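A short write-up of the structure that comes next.
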Amino acid sequence: MLSTHGVETALNLVGILAFALSGALLGVRRQFDIVGMAVLATVTAIGGGIIRDVMIGAVPPAALNNPSWLVLPLVATLLTFRWHPQVRRMHRAVELFDAVGLGVFCATATVKAIEYGVHPLASVLLGCITGVGGGLIRDVLAGVTPAVLRKDSRLYVVPAVVGCAIVAVASAFGPVDIGVQAAGALVIVLLRGLALWRGWTAPVPRMFDSQGE
Amino acid sequence: MLSTHGVETALNLVGILAFALSGALLGVRRQFDIVGMAVLATVTAIGGGIIRDVMIGAVPPAALNNPSWLVLPLVATLLTFRWHPQVRRMHRAVELFDAVGLGVFCATATVKAIEYGVHPLASVLLGCITGVGGGLIRDVLAGVTPAVLRKDSRLYVVPAVVGCAIVAVASAFGPVDIGVQAAGALVIVLLRGLALWRGWTAPVPRMFDSQGE
Amino acid sequence: MLSTHGVETALNLVGILAFALSGALLGVRRQFDIVGMAVLATVTAIGGGIIRDVMIGAVPPAALNNPSWLVLPLVATLLTFRWHPQVRRMHRAVELFDAVGLGVFCATATVKAIEYGVHPLASVLLGCITGVGGGLIRDVLAGVTPAVLRKDSRLYVVPAVVGCAIVAVASAFGPVDIGVQAAGALVIVLLRGLALWRGWTAPVPRMFDSQGE
């Protein structure tokens, strides 16, 4: 029990760090100063969970009462500020950690939403918002087209939907235990990993000659 | 009583569908993939109402406990994905449905805000946020200048303000019944329709030679 | 006691007005119509405080039950619509008022967050969000890179962090009285004033030849 909780906490921190690094790196790429990097790192790391908590009425949001979740983005900012070429070169590791974060955030968020009495369908939406929302705010603040909307992006939301749906469906058959949660997270990590590895993208609407922008 | 409720529900769904179509169409225009289209369709359809509910403390927001409001944006996405040239050609109908959605959302939101004990002036603001907020998030996520801010846009916020104000003023004289709500919505639909038909725009500040950007 | 409260109220209104003017002026610069100006003025003035209140569960947000906070942005819009060259020429005064607003909003928000039982570290974050959040939304809606992220911006978030931290640290030693709050606000105004006067900027990550975008 304690060790399960310990594993979940550790994976959560891995995800927070990966999300924060992606925010800080985007700050470097957009040539922002260290304040801009810290803002992007923080919103990427805790933005999605805050939106979920506000929407289910779990206020103040968990992130605000979790000092390590507030400090880690600053650590990521300092690391990236000093060693951004090296951090960028580790992008395979950052992508993997990001997938772990996506899996853990989505699965635990779906469970939390169900515990707060939200409709199962909406709990899938809230799970996805938790995993994807921070990155959306990061991109909007930085003035770039959100990665998850672009047609050249590898599947990111789809793995999240599948993993959250597994948890939501399982919840119809009884209380969701840690095993189901882990299964949902694992499916997300695997699907996201496969999407990165095999270059999976989502379908794009067929364009016609007269439709060009 | 039942039929009144039925009419309101039907008009709500018309509005959700129109808002979702506008989101999905913008996704096509920006050349996003089907995931991007679904994200834009969903935020346009339910974003404004969620902001209102979070601000008045009505959590979880109504949209989350309303499966049809979550499914309809996906239906709109699939329709637009497959037949976007045809959907685009029906833009007059979409604009009309959008006006109906604006009217119904604004009027019902103003009533809901007043029922939650919000100041009448703020209830007008919340009514407008409900009607306009989803479209604002849609445009920000898609990386285009929000339609309602642009000087070439036909009046959209102004009809919303007028309709919400009618409901708010009426609320000072007693409980708001369905008639007042319908009157507020109707005024919005009519004013928006007139704005589209006659090309009404809002005033633009006078520019001076030295002010050009 | 009454006069202290009166001073705080007056400073709050000065801040609201300055924030609203910056929103309305950005609307002119981006060539929006009067509706766009009013939207930007309103979100700049009350956006940060609303995010804070929603996050700590103080709903409906204070801004919604404060008619003068809703009317002042409209006054700022009308003034700017008619006399924007003159308002722009007073930019020194607007910057000073903006600094006063930043100081008052940040310090009082930190106290409010602590009173709602938020962790001191998170209360600093909430204080900063209150002071900076409205401007962030303003810039995102207007389609410009947020001022506080840009490397050419004078220190804005850093003074906010320092002032909020003073209040948060003091709160560890007992209830925060108006003196501590005033000290925090004053430090923010002074640091922001110095940053503007001396051209202080935040450090920028070192770029290498191979890193250019």
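Naming scheme: A, B, ... for chains in displayed order of the structure tokens; residues 1 onward per chain; ligands 1 onward as shown.
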
Legend entry - DSSP-assigned alpha helix (DSSP H) members of stretch 109-203 of chain A, reported as a VMD selection string: chain A and resid 109 to 115 120 to 142 157 to 171 178 to 198

### Message
Neighbouring residues of stretch 169-177 of chain A were defined as those with any atom within 8 Å, considering only C-alpha atoms; residues of the same chain fewer than 4 positions away were excluded. Please report them as a list in words.
### Response
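Listing them by chain and then by number gives Val111, Ile114, Pro120, Ala165 and Gln181 of chain A.
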
Give one line per residue of chain C that approaches chain B to at most 9 Å, naming the two atoms of the closest pair and their distance in Å to one decimal, counting only C-alpha atoms; sort by chain then ascending residue number and deliver it as a tab-separated table.
residue	atom	partner	partner_atom	distance
C:Gly27	CA	B:Leu149	CA	8.3
C:Val28	CA	B:Pro205	CA	6.9
C:Arg29	CA	B:Glu213	CA	6.6
C:Arg30	CA	B:Glu213	CA	7.9
C:Gln31	CA	B:Lys151	CA	7.0
C:Phe32	CA	B:Lys151	CA	5.0
C:Asp33	CA	B:Val204	CA	4.4
C:Ile34	CA	B:Val204	CA	5.8
C:Val35	CA	B:Leu149	CA	6.4
C:Gly36	CA	B:Leu149	CA	3.9
C:Met37	CA	B:Leu149	CA	7.5
C:Val39	CA	B:Leu149	CA	7.7
C:Leu40	CA	B:Leu149	CA	8.7
C:Ile50	CA	B:Met55	CA	7.9
C:Ile51	CA	B:Met55	CA	9.0
C:Asp53	CA	B:Met55	CA	8.6
C:Val54	CA	B:Met55	CA	6.3
C:Gly57	CA	B:Gly57	CA	7.8
C:Ala58	CA	B:Gly57	CA	8.6
C:Val59	CA	B:Gly57	CA	5.7
C:Pro60	CA	B:Ile56	CA	4.8
C:Pro61	CA	B:Met55	CA	6.7
C:Ala63	CA	B:Ala122	CA	8.5
C:Leu64	CA	B:Ala122	CA	5.1
C:Asn65	CA	B:His119	CA	5.6
C:Asn66	CA	B:His119	CA	8.2
C:Pro67	CA	B:Leu121	CA	6.9
C:Leu70	CA	B:Ala122	CA	7.6
C:Thr80	CA	B:Pro205	CA	8.3
C:Phe81	CA	B:Pro205	CA	5.2
C:Arg82	CA	B:Pro205	CA	6.9
C:Trp83	CA	B:Pro205	CA	8.9
C:His84	CA	B:Pro205	CA	8.1
C:Pro85	CA	B:Gln211	CA	7.6
C:Val140	CA	B:Val140	CA	7.1
C:Leu141	CA	B:Val140	CA	6.4
C:Ala142	CA	B:Thr145	CA	6.7
C:Gly143	CA	B:Thr145	CA	6.0

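Using only C-alpha atoms, the shortest contact distance between B:Thr42 and any of B:Leu191, B:Cys128, B:Val100, B:Gly134 is found at B:Gly134.
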
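Coordinates place atom CA of A:Pro73 at a distance of 14.3 Å from atom CA of A:Val87.
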
TODO: Check chain B with DSSP on the backbone and list each residue it calls strand (DSSP E or B), as number ranges by chain.
DONE: B: 32, 150, 154, 201

How about saving the chosen residues, C-alpha atoms kept, as a PDB file, in the first residue's frame?
ATOM      1  CA  PHE B  32      -5.596  20.646 -38.269  1.00  0.00           C
ATOM      2  CA  ARG B 150     -12.057  42.382 -34.993  1.00  0.00           C
ATOM      3  CA  ARG B 154     -20.722  41.985 -37.519  1.00  0.00           C
ATOM      4  CA  THR B 201     -20.352  46.776 -37.177  1.00  0.00           C
TER       5      THR B 201
END

Using only C-alpha atoms, can you tell me which of C:Leu190, C:Leu21, C:Ala183, C:Cys164 comes closest to C:Gln86?
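Of C:Leu190, C:Leu21, C:Ala183, C:Cys164, the one nearest C:Gln86, counting only C-alpha atoms, is C:Leu21.
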
query = For the atom pair atom CA of B:Val189 and atom CA of B:Gly131, what is the interatomic distance in Å to one decimal place?
reply =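 If I compute the distance from atom CA of B:Val189 to atom CA of B:Gly131, I get 12.0 Å.
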
**OP:** Find the residues around stretch 77-79 of chain A up to 7 Å (only C-alpha atoms counted), leave out those fewer than 6 positions away in its own chain, and share them as a list in words.
**Re:** Ala24, Met37, Ala38 and Ala41 of chain A

Write to file, as an mmCIF file, in the first residue's frame, the residues of the selection just made, with N, CA and C atoms.
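Output contents, as saved in part-v7.cif:
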data_model
loop_
_atom_site.group_PDB
_atom_site.id
_atom_site.type_symbol
_atom_site.label_atom_id
_atom_site.label_comp_id
_atom_site.auth_asym_id
_atom_site.auth_seq_id
_atom_site.Cartn_x
_atom_site.Cartn_y
_atom_site.Cartn_z
ATOM 1 N N ALA A 24 9.938 24.901 -20.271
ATOM 2 C CA ALA A 24 11.149 25.718 -20.210
ATOM 3 C C ALA A 24 11.879 25.716 -21.558
ATOM 4 N N MET A 37 10.458 31.560 -19.118
ATOM 5 C CA MET A 37 10.684 30.117 -19.033
ATOM 6 C C MET A 37 9.975 29.531 -17.811
ATOM 7 N N ALA A 38 10.089 30.212 -16.679
ATOM 8 C CA ALA A 38 9.485 29.707 -15.442
ATOM 9 C C ALA A 38 7.962 29.704 -15.530
ATOM 10 N N ALA A 41 7.098 26.755 -17.777
ATOM 11 C CA ALA A 41 7.345 25.486 -17.080
ATOM 12 C C ALA A 41 6.238 25.211 -16.066
#

Atom pair atom CA of A:Leu11 + atom CA of A:Arg198, distance 24.8 Å

- Query: Any idea what's packed within 9 Å of A:Val162, counting only C-alpha atoms, ignoring anything in its chain fewer than 6 positions away? Could you give it as number ranges by chain?
  - Reply: A: 124, 184, 187-188, 191

Residue selection dump (N, CA and C atoms) as a PDB file, in the first residue's frame:
ATOM      1  N   VAL A 124     -13.755  10.938 -18.647  1.00  0.00           N
ATOM      2  CA  VAL A 124     -12.756  10.756 -19.718  1.00  0.00           C
ATOM      3  C   VAL A 124     -12.274  12.122 -20.203  1.00  0.00           C
ATOM      4  N   GLY A 184      -4.621   1.537 -17.132  1.00  0.00           N
ATOM      5  CA  GLY A 184      -4.954   2.677 -17.981  1.00  0.00           C
ATOM      6  C   GLY A 184      -3.719   3.496 -18.312  1.00  0.00           C
ATOM      7  N   VAL A 187      -1.369   1.635 -20.792  1.00  0.00           N
ATOM      8  CA  VAL A 187      -1.860   1.663 -22.178  1.00  0.00           C
ATOM      9  C   VAL A 187      -1.522   3.004 -22.826  1.00  0.00           C
ATOM     10  N   ILE A 188      -1.690   4.080 -22.052  1.00  0.00           N
ATOM     11  CA  ILE A 188      -1.380   5.408 -22.601  1.00  0.00           C
ATOM     12  C   ILE A 188       0.100   5.499 -22.954  1.00  0.00           C
ATOM     13  N   LEU A 191       0.783   3.282 -26.078  1.00  0.00           N
ATOM     14  CA  LEU A 191       0.241   3.837 -27.324  1.00  0.00           C
ATOM     15  C   LEU A 191       1.008   5.089 -27.746  1.00  0.00           C
TER      16      LEU A 191
END
